[in-house]
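This report refers to the structure that appears directly beneath it.
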Amino acid sequence: MVLEHLSDQALIRRQKLGELQQKDVEPYGQKYPVTHKTSEVILHFRELEEEGTAASVYGRIISKRGHGKASFAHIEDGSGRLQIYLREEQVGSDQYNLYQLLDIGDIIGVTGTVFKTRKGEITVNVSSFRLLTKSLRPLPEKWHGLKDVELRYRHRHLDLMVNPEVREVFITRSRIIHMIREFLVQRGYLEVETPVMHTVAGGASARPFITHHNALGIDLYLRIATELHLKRLIVGGIEKVFELGRIFRNEGLSTSHNPEFTSVEIYEVNADYEDMMDLTEEMITSITREIHGTLKLNYQGRELDLTPPWPRRELSEVIREITGVEFSAVQGDDAARKLAAEHGLEVDKDSTKGEIMYTFFEKYCEDKLWNPLFVKDYPVEVSPLAQRCRENPQLTYRFETFIAGKEIANAFTELTDSLDQRERFVQQAEKRDSGDEEAHMMDEDFLVVMEYGMAPTGGLGIGVDRLVMVLTDRPSIRDVILFPTLRPREQQAGRP
């Protein structure tokens, strides 16, 4: 390491490290015999005080103040923070002098009885302590919080360290993922793992990331969905299946998009998109009750009511009510393109009415859908894996679930007609040849699988990150992904 690049404080800490080593103090010690978490000391204070029982805790020093031959500090572990009190008379001059070499950020173990200060704060009266880890860099902003959002994302370890509410978000995220698994397993769904690298990127309209396999000498794609492999399992006789895992899409960054994200995809034989609506509603409301104890939340300062039943509305109906545009009266693709131009909507010269209808909805309607809503019956051009509606073959049995202006789920009555599927893949391939990098690729292997016969099936995908955003009241997807994708910067720039 080039020491001249270190701050003055960091250099001082290294000097203290040398002093500790000269005193034969191990600055990176072994496991400490902990008897209580900091929160447990507070919870069981009365019995610890009455019995005079010593408590042993460990934690990171987050504040430190001295008063001559006595000092106070606060330490923090994963459960909370606790005040400690050291007196030279009690710990001895050697230990007390050693304590003076400690800094905010150091991790220590302490043992002592408990008492309350005159201000009523529960405190450990330290009889002995041991340095467990010497911190060589000062904590950011003197523990008043890491405020720079970009810096927080780049240095998540510091963000978690100094912002307890951030730790709580990721604890809640873990609970939500656990509850999704538990919900599905209890209902007989089998969890599986499918490949992350695909020879054909399929299952969604998205631009893939490309990598190369040296031994095989072929390019591979990071998966943009788990759909086509899970459907292979449906054909093979696994009738209720799900996968919860990472998806990769080579798309832009926004408050709702990260190129690497988590989804859960679910498939069930002898089910349709109405069943998937029921499943979505039941899953999300049960998780919300478990997390919050209520279905009435506050999201970004606005009330959000998840109480079922959630309305189910046709896409064209939602567009008409929000914008006043009646797409059923639009005759043909040319008229739809003219309508788009009149509303300032940029579309390709060969865009179809169905594609324009969907783009119109995305731009002018999605962010206005606050309380939960199932928007259903999407155009066939934008739903190449969904079954056509019997009443109107230009539409499909597809729905998207919107909460707080965000698409949370996407689901179909799955297309099981292999000939129709082939025709739609051909149309998608033509779009790719015309420059649409998000159009579906032709997947001959999957078409062969479908020709063996796929039972009527309902499929559902839920964006886990967006669901966590809503349930933790976070405005950006980067707030709920531990290590979001960021643009590279100079190595030293912004380094704490």
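Each chain in the structure tokens gets a letter, A, B, ..., in the order shown, and its residues are numbered from 1; ligands are numbered from 1 in order too.
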Using only C-alpha atoms, what does the table of range 169-238 of chain A residues within 12 Å of range 437-446 of chain A look like, with each row giving the shortest atom pair and its distance in Å to one decimal, sorted by chain and ascending number, as JSON lines?
{"residue": "A:His198", "atom": "CA", "partner": "A:Asp443", "partner_atom": "CA", "distance": 10.8}
{"residue": "A:Thr199", "atom": "CA", "partner": "A:Asp443", "partner_atom": "CA", "distance": 9.2}
{"residue": "A:Val200", "atom": "CA", "partner": "A:Asp443", "partner_atom": "CA", "distance": 6.4}
{"residue": "A:Ala201", "atom": "CA", "partner": "A:Met441", "partner_atom": "CA", "distance": 6.5}
{"residue": "A:Gly202", "atom": "CA", "partner": "A:His440", "partner_atom": "CA", "distance": 5.9}
{"residue": "A:Gly203", "atom": "CA", "partner": "A:His440", "partner_atom": "CA", "distance": 7.5}
{"residue": "A:Ala204", "atom": "CA", "partner": "A:His440", "partner_atom": "CA", "distance": 6.9}
{"residue": "A:Ser205", "atom": "CA", "partner": "A:Glu438", "partner_atom": "CA", "distance": 4.9}
{"residue": "A:Ala206", "atom": "CA", "partner": "A:Glu438", "partner_atom": "CA", "distance": 4.2}
{"residue": "A:Arg207", "atom": "CA", "partner": "A:Glu438", "partner_atom": "CA", "distance": 4.7}
{"residue": "A:Pro208", "atom": "CA", "partner": "A:Glu438", "partner_atom": "CA", "distance": 8.0}
{"residue": "A:Phe209", "atom": "CA", "partner": "A:Glu437", "partner_atom": "CA", "distance": 11.3}
{"residue": "A:Tyr221", "atom": "CA", "partner": "A:Met441", "partner_atom": "CA", "distance": 11.5}
{"residue": "A:Ile224", "atom": "CA", "partner": "A:Glu438", "partner_atom": "CA", "distance": 10.3}
{"residue": "A:Ala225", "atom": "CA", "partner": "A:His440", "partner_atom": "CA", "distance": 11.4}
{"residue": "A:Glu227", "atom": "CA", "partner": "A:Phe446", "partner_atom": "CA", "distance": 10.7}
{"residue": "A:Leu228", "atom": "CA", "partner": "A:Phe446", "partner_atom": "CA", "distance": 7.0}
{"residue": "A:His229", "atom": "CA", "partner": "A:Phe446", "partner_atom": "CA", "distance": 8.3}
{"residue": "A:Leu230", "atom": "CA", "partner": "A:Phe446", "partner_atom": "CA", "distance": 10.8}
{"residue": "A:Lys231", "atom": "CA", "partner": "A:Phe446", "partner_atom": "CA", "distance": 8.8}
{"residue": "A:Arg232", "atom": "CA", "partner": "A:Phe446", "partner_atom": "CA", "distance": 7.6}
{"residue": "A:Leu233", "atom": "CA", "partner": "A:Phe446", "partner_atom": "CA", "distance": 11.4}
{"residue": "A:Val235", "atom": "CA", "partner": "A:Phe446", "partner_atom": "CA", "distance": 10.6}
Output for the residues just chosen: N, CA and C atoms as an mmCIF file, in the first residue's frame:
data_model
loop_
_atom_site.group_PDB
_atom_site.id
_atom_site.type_symbol
_atom_site.label_atom_id
_atom_site.label_comp_id
_atom_site.auth_asym_id
_atom_site.auth_seq_id
_atom_site.Cartn_x
_atom_site.Cartn_y
_atom_site.Cartn_z
ATOM 1 N N HIS A 198 -27.153 -19.551 -21.088
ATOM 2 C CA HIS A 198 -28.022 -20.158 -22.091
ATOM 3 C C HIS A 198 -27.398 -20.039 -23.481
ATOM 4 N N THR A 199 -27.682 -21.007 -24.317
ATOM 5 C CA THR A 199 -27.257 -20.910 -25.711
ATOM 6 C C THR A 199 -28.202 -20.003 -26.506
ATOM 7 N N VAL A 200 -29.435 -19.877 -26.038
ATOM 8 C CA VAL A 200 -30.416 -18.969 -26.636
ATOM 9 C C VAL A 200 -31.031 -18.160 -25.505
ATOM 10 N N ALA A 201 -31.065 -16.843 -25.660
ATOM 11 C CA ALA A 201 -31.667 -15.986 -24.637
ATOM 12 C C ALA A 201 -33.156 -15.889 -24.916
ATOM 13 N N GLY A 202 -33.965 -16.486 -24.050
ATOM 14 C CA GLY A 202 -35.405 -16.498 -24.287
ATOM 15 C C GLY A 202 -36.193 -16.328 -23.016
ATOM 16 N N GLY A 203 -37.514 -16.185 -23.187
ATOM 17 C CA GLY A 203 -38.413 -16.083 -22.044
ATOM 18 C C GLY A 203 -38.817 -14.667 -21.701
ATOM 19 N N ALA A 204 -38.238 -13.666 -22.379
ATOM 20 C CA ALA A 204 -38.575 -12.276 -22.109
ATOM 21 C C ALA A 204 -38.121 -11.415 -23.280
ATOM 22 N N SER A 205 -38.653 -10.213 -23.334
ATOM 23 C CA SER A 205 -38.203 -9.242 -24.331
ATOM 24 C C SER A 205 -37.136 -8.381 -23.682
ATOM 25 N N ALA A 206 -35.890 -8.715 -23.922
ATOM 26 C CA ALA A 206 -34.788 -8.013 -23.270
ATOM 27 C C ALA A 206 -33.495 -8.269 -24.029
ATOM 28 N N ARG A 207 -32.565 -7.315 -23.932
ATOM 29 C CA ARG A 207 -31.246 -7.478 -24.517
ATOM 30 C C ARG A 207 -30.368 -8.249 -23.546
ATOM 31 N N PRO A 208 -29.725 -9.333 -23.975
ATOM 32 C CA PRO A 208 -28.936 -10.149 -23.050
ATOM 33 C C PRO A 208 -27.486 -9.688 -22.932
ATOM 34 N N PHE A 209 -26.845 -10.132 -21.870
ATOM 35 C CA PHE A 209 -25.395 -10.044 -21.745
ATOM 36 C C PHE A 209 -24.789 -11.275 -22.414
ATOM 37 N N TYR A 221 -25.291 -16.730 -23.333
ATOM 38 C CA TYR A 221 -26.008 -15.574 -22.828
ATOM 39 C C TYR A 221 -26.350 -15.778 -21.352
ATOM 40 N N ILE A 224 -32.057 -14.119 -19.306
ATOM 41 C CA ILE A 224 -32.950 -12.980 -19.165
ATOM 42 C C ILE A 224 -34.271 -13.400 -18.523
ATOM 43 N N ALA A 225 -34.451 -14.707 -18.342
ATOM 44 C CA ALA A 225 -35.629 -15.257 -17.666
ATOM 45 C C ALA A 225 -35.358 -16.734 -17.412
ATOM 46 N N GLU A 227 -37.986 -18.834 -17.679
ATOM 47 C CA GLU A 227 -39.237 -19.387 -18.181
ATOM 48 C C GLU A 227 -39.088 -20.648 -19.020
ATOM 49 N N LEU A 228 -38.250 -20.610 -20.030
ATOM 50 C CA LEU A 228 -38.243 -21.714 -20.998
ATOM 51 C C LEU A 228 -37.692 -23.001 -20.400
ATOM 52 N N HIS A 229 -36.771 -22.912 -19.449
ATOM 53 C CA HIS A 229 -36.301 -24.126 -18.785
ATOM 54 C C HIS A 229 -37.355 -24.662 -17.819
ATOM 55 N N LEU A 230 -38.054 -23.779 -17.139
ATOM 56 C CA LEU A 230 -39.097 -24.251 -16.224
ATOM 57 C C LEU A 230 -40.240 -24.912 -16.993
ATOM 58 N N LYS A 231 -40.534 -24.396 -18.170
ATOM 59 C CA LYS A 231 -41.581 -25.023 -18.978
ATOM 60 C C LYS A 231 -41.147 -26.411 -19.451
ATOM 61 N N ARG A 232 -39.874 -26.618 -19.670
ATOM 62 C CA ARG A 232 -39.385 -27.961 -19.999
ATOM 63 C C ARG A 232 -39.727 -28.932 -18.861
ATOM 64 N N LEU A 233 -39.624 -28.448 -17.630
ATOM 65 C CA LEU A 233 -39.946 -29.304 -16.489
ATOM 66 C C LEU A 233 -41.437 -29.590 -16.426
ATOM 67 N N VAL A 235 -43.391 -29.855 -19.050
ATOM 68 C CA VAL A 235 -43.588 -30.900 -20.069
ATOM 69 C C VAL A 235 -43.121 -32.247 -19.534
#
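Using only C-alpha atoms, the shortest contact distance between Asn371 in chain A and any of A:Thr307, A:Asn392, A:Ser316, A:Ser7 is found at A:Thr307.
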| request: Just the residues within 10 Å of His212 in chain A, please, counting only C-alpha atoms, with nothing from its chain fewer than 6 positions along; format it as a PyMOL selection string. | output: chain A and resi 197+218-221
Keeping only N, CA and C atoms, write the selected residues as a PDB file, in the first residue's frame.
ATOM      1  N   MET A 197     -26.367 -19.701 -17.709  1.00  0.00           N
ATOM      2  CA  MET A 197     -25.841 -19.460 -19.055  1.00  0.00           C
ATOM      3  C   MET A 197     -26.658 -20.253 -20.076  1.00  0.00           C
ATOM      4  N   ILE A 218     -17.910 -21.295 -27.894  1.00  0.00           N
ATOM      5  CA  ILE A 218     -19.203 -20.709 -28.268  1.00  0.00           C
ATOM      6  C   ILE A 218     -19.524 -19.527 -27.356  1.00  0.00           C
ATOM      7  N   ASP A 219     -20.336 -18.611 -27.883  1.00  0.00           N
ATOM      8  CA  ASP A 219     -20.889 -17.546 -27.063  1.00  0.00           C
ATOM      9  C   ASP A 219     -22.090 -18.074 -26.296  1.00  0.00           C
ATOM     10  N   LEU A 220     -22.249 -17.590 -25.080  1.00  0.00           N
ATOM     11  CA  LEU A 220     -23.403 -17.931 -24.250  1.00  0.00           C
ATOM     12  C   LEU A 220     -24.028 -16.636 -23.737  1.00  0.00           C
ATOM     13  N   TYR A 221     -25.291 -16.730 -23.333  1.00  0.00           N
ATOM     14  CA  TYR A 221     -26.008 -15.574 -22.828  1.00  0.00           C
ATOM     15  C   TYR A 221     -26.350 -15.778 -21.352  1.00  0.00           C
TER      16      TYR A 221
END
| Near Val169 in chain A, counting only C-alpha atoms, which residues have an atom at most 9 Å away, once you skip same-chain residues fewer than 3 positions from it, shown as a count of residues only? | 11
| request: Could you give me the residues within range 33-180 of chain A that DSSP places in alpha helix (DSSP H), as a ChimeraX atom specification? | output: /A:38-43,45-51,88-91,93-100,149-154,156-162,164-180
Resulting file, chosen residues, C-alpha atoms, as a CSV table (one decimal), in the first residue's frame:
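Saved result, result-v2.csv, follows:
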chain,number,residue,atom,x,y,z
A,38,THR,CA,-26.2,-5.7,23.5
A,39,SER,CA,-29.9,-5.9,23.1
A,40,GLU,CA,-30.1,-8.7,25.5
A,41,VAL,CA,-28.3,-6.8,28.2
A,42,ILE,CA,-30.9,-4.0,27.9
A,43,LEU,CA,-33.8,-6.6,27.8
A,45,PHE,CA,-31.1,-5.5,32.7
A,46,ARG,CA,-33.2,-5.9,35.8
A,47,GLU,CA,-32.3,-9.5,36.6
A,48,LEU,CA,-28.6,-8.9,35.7
A,49,GLU,CA,-28.5,-6.0,38.1
A,50,GLU,CA,-30.3,-7.7,40.9
A,51,GLU,CA,-28.2,-10.8,40.7
A,88,GLU,CA,-8.7,3.2,35.6
A,89,GLU,CA,-9.2,2.2,39.2
A,90,GLN,CA,-11.1,-0.9,38.2
A,91,VAL,CA,-9.4,-2.1,35.0
A,93,SER,CA,-3.5,1.5,34.6
A,94,ASP,CA,-2.1,-0.8,31.9
A,95,GLN,CA,-5.5,-1.6,30.5
A,96,TYR,CA,-6.7,1.9,30.8
A,97,ASN,CA,-3.7,3.2,28.9
A,98,LEU,CA,-4.3,0.5,26.3
A,99,TYR,CA,-7.9,1.8,26.0
A,100,GLN,CA,-6.5,5.3,25.1
A,149,VAL,CA,-26.1,8.2,-1.9
A,150,GLU,CA,-23.6,7.2,-4.6
A,151,LEU,CA,-20.9,6.7,-2.0
A,152,ARG,CA,-23.3,4.6,0.0
A,153,TYR,CA,-24.0,2.2,-2.9
A,154,ARG,CA,-20.3,1.9,-3.7
A,156,ARG,CA,-22.2,-0.8,1.2
A,157,HIS,CA,-20.1,-2.1,4.1
A,158,LEU,CA,-19.9,1.5,5.4
A,159,ASP,CA,-23.6,2.1,4.6
A,160,LEU,CA,-24.6,-0.9,6.7
A,161,MET,CA,-22.1,0.1,9.4
A,162,VAL,CA,-23.3,3.6,10.0
A,164,PRO,CA,-28.9,0.9,11.1
A,165,GLU,CA,-32.1,1.5,9.0
A,166,VAL,CA,-30.3,0.2,6.0
A,167,ARG,CA,-29.4,-3.0,7.8
A,168,GLU,CA,-33.0,-3.4,8.7
A,169,VAL,CA,-34.0,-3.1,5.0
A,170,PHE,CA,-31.8,-6.0,4.1
A,171,ILE,CA,-32.9,-8.1,7.0
A,172,THR,CA,-36.5,-7.5,5.9
A,173,ARG,CA,-35.5,-8.4,2.3
A,174,SER,CA,-34.1,-11.8,3.5
A,175,ARG,CA,-37.3,-12.4,5.5
A,176,ILE,CA,-39.4,-11.7,2.4
A,177,ILE,CA,-37.4,-14.1,0.2
A,178,HIS,CA,-37.8,-16.8,3.0
A,179,MET,CA,-41.5,-16.2,3.1
A,180,ILE,CA,-41.9,-16.5,-0.7
| task | List the neighbours of Ser418 in chain A out to 9 Å using only C-alpha atoms; skip same-chain residues closer than 2 positions along the sequence, and give me the result as a PyMOL selection string. | result | chain A and resi 415-416+420-423+447-454
Go ahead and write the residues just picked, C-alpha atoms, as a short mmCIF file (atom, residue, chain, number, x, y, z; two decimals), in the first residue's frame.
data_model
loop_
_atom_site.label_atom_id
_atom_site.label_comp_id
_atom_site.auth_asym_id
_atom_site.auth_seq_id
_atom_site.Cartn_x
_atom_site.Cartn_y
_atom_site.Cartn_z
CA LEU A 415 -49.21 -20.78 -24.83
CA THR A 416 -49.23 -24.57 -25.36
CA ASP A 420 -48.60 -21.06 -32.90
CA GLN A 421 -45.46 -20.69 -30.78
CA ARG A 422 -43.27 -21.36 -33.80
CA GLU A 423 -45.11 -18.77 -35.84
CA LEU A 447 -40.14 -25.78 -29.85
CA VAL A 448 -39.21 -29.47 -30.05
CA VAL A 449 -39.97 -29.81 -26.33
CA MET A 450 -43.39 -28.20 -26.84
CA GLU A 451 -44.21 -30.62 -29.64
CA TYR A 452 -44.25 -33.44 -27.07
CA GLY A 453 -47.27 -31.74 -25.52
CA MET A 454 -47.55 -29.21 -22.72
#
| request: Pick out each residue of range 117-364 of chain A that DSSP on the backbone tags as strand (DSSP E or B); I need them as a PyMOL selection string. | output: chain A and resi 122-133+190-191+197-198+210-213+218-222+240-248+260-269+296-299+302-305+312-314
Expected file: the selected residues, C-alpha atoms, as a PDB file, in the first residue's frame:
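Saved as part-v8.pdb:
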ATOM      1  CA  ILE A 122     -28.133   1.161  30.899  1.00  0.00           C
ATOM      2  CA  THR A 123     -24.360   0.756  31.014  1.00  0.00           C
ATOM      3  CA  VAL A 124     -21.760  -1.969  31.455  1.00  0.00           C
ATOM      4  CA  ASN A 125     -19.232  -1.184  34.213  1.00  0.00           C
ATOM      5  CA  VAL A 126     -16.217  -2.745  32.522  1.00  0.00           C
ATOM      6  CA  SER A 127     -13.972  -4.956  34.620  1.00  0.00           C
ATOM      7  CA  SER A 128     -11.949  -6.203  31.635  1.00  0.00           C
ATOM      8  CA  PHE A 129     -11.819  -5.774  27.882  1.00  0.00           C
ATOM      9  CA  ARG A 130      -9.926  -7.105  24.900  1.00  0.00           C
ATOM     10  CA  LEU A 131      -9.181  -5.641  21.505  1.00  0.00           C
ATOM     11  CA  LEU A 132     -10.578  -7.908  18.796  1.00  0.00           C
ATOM     12  CA  THR A 133      -9.956  -5.883  15.644  1.00  0.00           C
ATOM     13  CA  LEU A 190     -41.041 -27.738  -6.065  1.00  0.00           C
ATOM     14  CA  GLU A 191     -38.071 -25.375  -6.017  1.00  0.00           C
ATOM     15  CA  MET A 197     -25.841 -19.460 -19.055  1.00  0.00           C
ATOM     16  CA  HIS A 198     -28.022 -20.158 -22.091  1.00  0.00           C
ATOM     17  CA  ILE A 210     -23.008 -12.172 -23.805  1.00  0.00           C
ATOM     18  CA  THR A 211     -20.091 -14.206 -22.515  1.00  0.00           C
ATOM     19  CA  HIS A 212     -17.819 -16.794 -24.138  1.00  0.00           C
ATOM     20  CA  HIS A 213     -17.096 -20.407 -23.207  1.00  0.00           C
ATOM     21  CA  ILE A 218     -19.203 -20.709 -28.268  1.00  0.00           C
ATOM     22  CA  ASP A 219     -20.889 -17.546 -27.063  1.00  0.00           C
ATOM     23  CA  LEU A 220     -23.403 -17.931 -24.250  1.00  0.00           C
ATOM     24  CA  TYR A 221     -26.008 -15.574 -22.828  1.00  0.00           C
ATOM     25  CA  LEU A 222     -26.688 -14.794 -19.196  1.00  0.00           C
ATOM     26  CA  LYS A 240     -45.925 -27.260  -9.755  1.00  0.00           C
ATOM     27  CA  VAL A 241     -42.491 -25.658  -9.945  1.00  0.00           C
ATOM     28  CA  PHE A 242     -40.707 -22.423  -9.108  1.00  0.00           C
ATOM     29  CA  GLU A 243     -37.271 -20.864  -9.241  1.00  0.00           C
ATOM     30  CA  LEU A 244     -36.063 -17.902  -7.230  1.00  0.00           C
ATOM     31  CA  GLY A 245     -32.852 -16.393  -8.530  1.00  0.00           C
ATOM     32  CA  ARG A 246     -30.865 -13.791 -10.401  1.00  0.00           C
ATOM     33  CA  ILE A 247     -31.837 -12.502 -13.857  1.00  0.00           C
ATOM     34  CA  PHE A 248     -29.563 -10.448 -16.126  1.00  0.00           C
ATOM     35  CA  GLU A 260     -28.921  -7.788 -12.329  1.00  0.00           C
ATOM     36  CA  PHE A 261     -32.082  -8.433 -10.331  1.00  0.00           C
ATOM     37  CA  THR A 262     -34.008 -11.151  -8.488  1.00  0.00           C
ATOM     38  CA  SER A 263     -37.244 -12.740  -9.623  1.00  0.00           C
ATOM     39  CA  VAL A 264     -39.369 -15.709  -8.732  1.00  0.00           C
ATOM     40  CA  GLU A 265     -41.036 -17.595 -11.596  1.00  0.00           C
ATOM     41  CA  ILE A 266     -43.844 -20.037 -10.857  1.00  0.00           C
ATOM     42  CA  TYR A 267     -45.622 -22.560 -13.096  1.00  0.00           C
ATOM     43  CA  GLU A 268     -48.597 -24.777 -12.400  1.00  0.00           C
ATOM     44  CA  VAL A 269     -50.291 -27.384 -14.564  1.00  0.00           C
ATOM     45  CA  LYS A 296     -52.542  -0.421   4.870  1.00  0.00           C
ATOM     46  CA  LEU A 297     -49.063   0.980   4.379  1.00  0.00           C
ATOM     47  CA  ASN A 298     -47.364   4.300   3.791  1.00  0.00           C
ATOM     48  CA  TYR A 299     -45.202   4.349   0.691  1.00  0.00           C
ATOM     49  CA  ARG A 302     -48.731   8.304   0.421  1.00  0.00           C
ATOM     50  CA  GLU A 303     -51.200   5.763   1.740  1.00  0.00           C
ATOM     51  CA  LEU A 304     -51.161   2.404  -0.002  1.00  0.00           C
ATOM     52  CA  ASP A 305     -53.985  -0.081   0.610  1.00  0.00           C
ATOM     53  CA  ARG A 312     -58.943  -6.811 -12.448  1.00  0.00           C
ATOM     54  CA  ARG A 313     -59.193  -4.491 -15.452  1.00  0.00           C
ATOM     55  CA  GLU A 314     -58.578  -4.880 -19.154  1.00  0.00           C
TER      56      GLU A 314
END
| query | Hey, what's within 12 Å of Glu317 in chain A if we count only C-alpha atoms and toss same-chain stuff fewer than 5 positions away? As a list in words, please? | reply |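 Final neighbour list, sorted by chain and number: Arg312, Ile322, Thr323, Gly324, Val325, Glu326, Phe327, Ser328, Met357, Phe361, Cys365, Phe374, Val375, Lys376, Asp377 and Tyr378 of chain A.
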Surrounding residues of Glu407 in chain A excluding itself and chain neighbours under 5 positions, 12 Å, only C-alpha atoms, as an mmCIF file with N, CA and C atoms, in the first residue's frame:
data_model
loop_
_atom_site.group_PDB
_atom_site.id
_atom_site.type_symbol
_atom_site.label_atom_id
_atom_site.label_comp_id
_atom_site.auth_asym_id
_atom_site.auth_seq_id
_atom_site.Cartn_x
_atom_site.Cartn_y
_atom_site.Cartn_z
ATOM 1 N N SER A 256 -36.127 1.954 -10.985
ATOM 2 C CA SER A 256 -36.871 0.687 -11.047
ATOM 3 C C SER A 256 -36.129 -0.413 -11.782
ATOM 4 N N HIS A 257 -34.945 -0.116 -12.339
ATOM 5 C CA HIS A 257 -34.225 -1.100 -13.148
ATOM 6 C C HIS A 257 -32.773 -1.222 -12.709
ATOM 7 N N PHE A 361 -49.598 2.649 -23.009
ATOM 8 C CA PHE A 361 -49.888 2.320 -21.612
ATOM 9 C C PHE A 361 -48.661 2.528 -20.730
ATOM 10 N N GLU A 362 -47.499 2.055 -21.199
ATOM 11 C CA GLU A 362 -46.276 2.191 -20.411
ATOM 12 C C GLU A 362 -45.964 3.653 -20.111
ATOM 13 N N CYS A 365 -49.715 5.590 -18.476
ATOM 14 C CA CYS A 365 -50.636 5.015 -17.489
ATOM 15 C C CYS A 365 -49.955 4.359 -16.285
ATOM 16 N N GLU A 366 -48.855 3.651 -16.494
ATOM 17 C CA GLU A 366 -48.289 2.802 -15.453
ATOM 18 C C GLU A 366 -48.067 3.537 -14.138
ATOM 19 N N ASP A 367 -47.430 4.697 -14.189
ATOM 20 C CA ASP A 367 -47.061 5.379 -12.947
ATOM 21 C C ASP A 367 -48.251 5.973 -12.215
ATOM 22 N N LYS A 368 -49.433 5.901 -12.819
ATOM 23 C CA LYS A 368 -50.640 6.421 -12.171
ATOM 24 C C LYS A 368 -51.434 5.330 -11.446
ATOM 25 N N LEU A 369 -50.949 4.093 -11.522
ATOM 26 C CA LEU A 369 -51.657 2.969 -10.899
ATOM 27 C C LEU A 369 -51.099 2.775 -9.493
ATOM 28 N N TRP A 370 -51.809 3.238 -8.490
ATOM 29 C CA TRP A 370 -51.258 3.275 -7.127
ATOM 30 C C TRP A 370 -51.618 2.041 -6.326
ATOM 31 N N ASN A 371 -52.875 1.905 -5.929
ATOM 32 C CA ASN A 371 -53.283 0.704 -5.190
ATOM 33 C C ASN A 371 -53.237 -0.508 -6.123
ATOM 34 N N PRO A 372 -53.107 -1.711 -5.575
ATOM 35 C CA PRO A 372 -52.906 -2.899 -6.419
ATOM 36 C C PRO A 372 -53.963 -3.038 -7.503
ATOM 37 N N LEU A 373 -53.486 -3.369 -8.698
ATOM 38 C CA LEU A 373 -54.381 -3.542 -9.843
ATOM 39 C C LEU A 373 -53.817 -4.607 -10.767
ATOM 40 N N PHE A 374 -54.678 -5.538 -11.185
ATOM 41 C CA PHE A 374 -54.325 -6.501 -12.222
ATOM 42 C C PHE A 374 -54.782 -5.918 -13.566
ATOM 43 N N VAL A 375 -53.834 -5.628 -14.435
ATOM 44 C CA VAL A 375 -54.150 -5.153 -15.781
ATOM 45 C C VAL A 375 -53.993 -6.350 -16.718
ATOM 46 N N PHE A 399 -51.522 -10.894 -17.765
ATOM 47 C CA PHE A 399 -51.746 -9.746 -16.875
ATOM 48 C C PHE A 399 -50.424 -9.266 -16.308
ATOM 49 N N GLU A 400 -50.420 -8.012 -15.902
ATOM 50 C CA GLU A 400 -49.343 -7.438 -15.107
ATOM 51 C C GLU A 400 -49.969 -6.864 -13.842
ATOM 52 N N THR A 401 -49.263 -6.988 -12.732
ATOM 53 C CA THR A 401 -49.725 -6.445 -11.453
ATOM 54 C C THR A 401 -48.962 -5.170 -11.158
ATOM 55 N N PHE A 402 -49.706 -4.117 -10.843
ATOM 56 C CA PHE A 402 -49.091 -2.833 -10.519
ATOM 57 C C PHE A 402 -49.410 -2.433 -9.085
ATOM 58 N N GLY A 461 -44.407 -14.484 -12.942
ATOM 59 C CA GLY A 461 -43.107 -13.972 -12.528
ATOM 60 C C GLY A 461 -43.293 -12.741 -11.658
ATOM 61 N N ILE A 462 -42.587 -12.693 -10.534
ATOM 62 C CA ILE A 462 -42.680 -11.557 -9.618
ATOM 63 C C ILE A 462 -41.299 -10.954 -9.439
ATOM 64 N N GLY A 463 -41.204 -9.644 -9.572
ATOM 65 C CA GLY A 463 -39.953 -8.934 -9.340
ATOM 66 C C GLY A 463 -39.737 -8.743 -7.853
ATOM 67 N N VAL A 464 -38.839 -9.516 -7.285
ATOM 68 C CA VAL A 464 -38.630 -9.505 -5.836
ATOM 69 C C VAL A 464 -38.118 -8.151 -5.361
ATOM 70 N N ASP A 465 -37.197 -7.552 -6.106
ATOM 71 C CA ASP A 465 -36.623 -6.278 -5.675
ATOM 72 C C ASP A 465 -37.687 -5.188 -5.577
ATOM 73 N N ARG A 466 -38.556 -5.113 -6.571
ATOM 74 C CA ARG A 466 -39.609 -4.090 -6.545
ATOM 75 C C ARG A 466 -40.600 -4.351 -5.415
ATOM 76 N N LEU A 467 -40.890 -5.613 -5.161
ATOM 77 C CA LEU A 467 -41.767 -5.927 -4.032
ATOM 78 C C LEU A 467 -41.121 -5.479 -2.721
ATOM 79 N N MET A 469 -38.984 -3.067 -2.383
ATOM 80 C CA MET A 469 -39.066 -1.606 -2.370
ATOM 81 C C MET A 469 -40.364 -1.140 -1.728
ATOM 82 N N VAL A 470 -41.472 -1.717 -2.163
ATOM 83 C CA VAL A 470 -42.780 -1.312 -1.653
ATOM 84 C C VAL A 470 -42.908 -1.633 -0.166
#
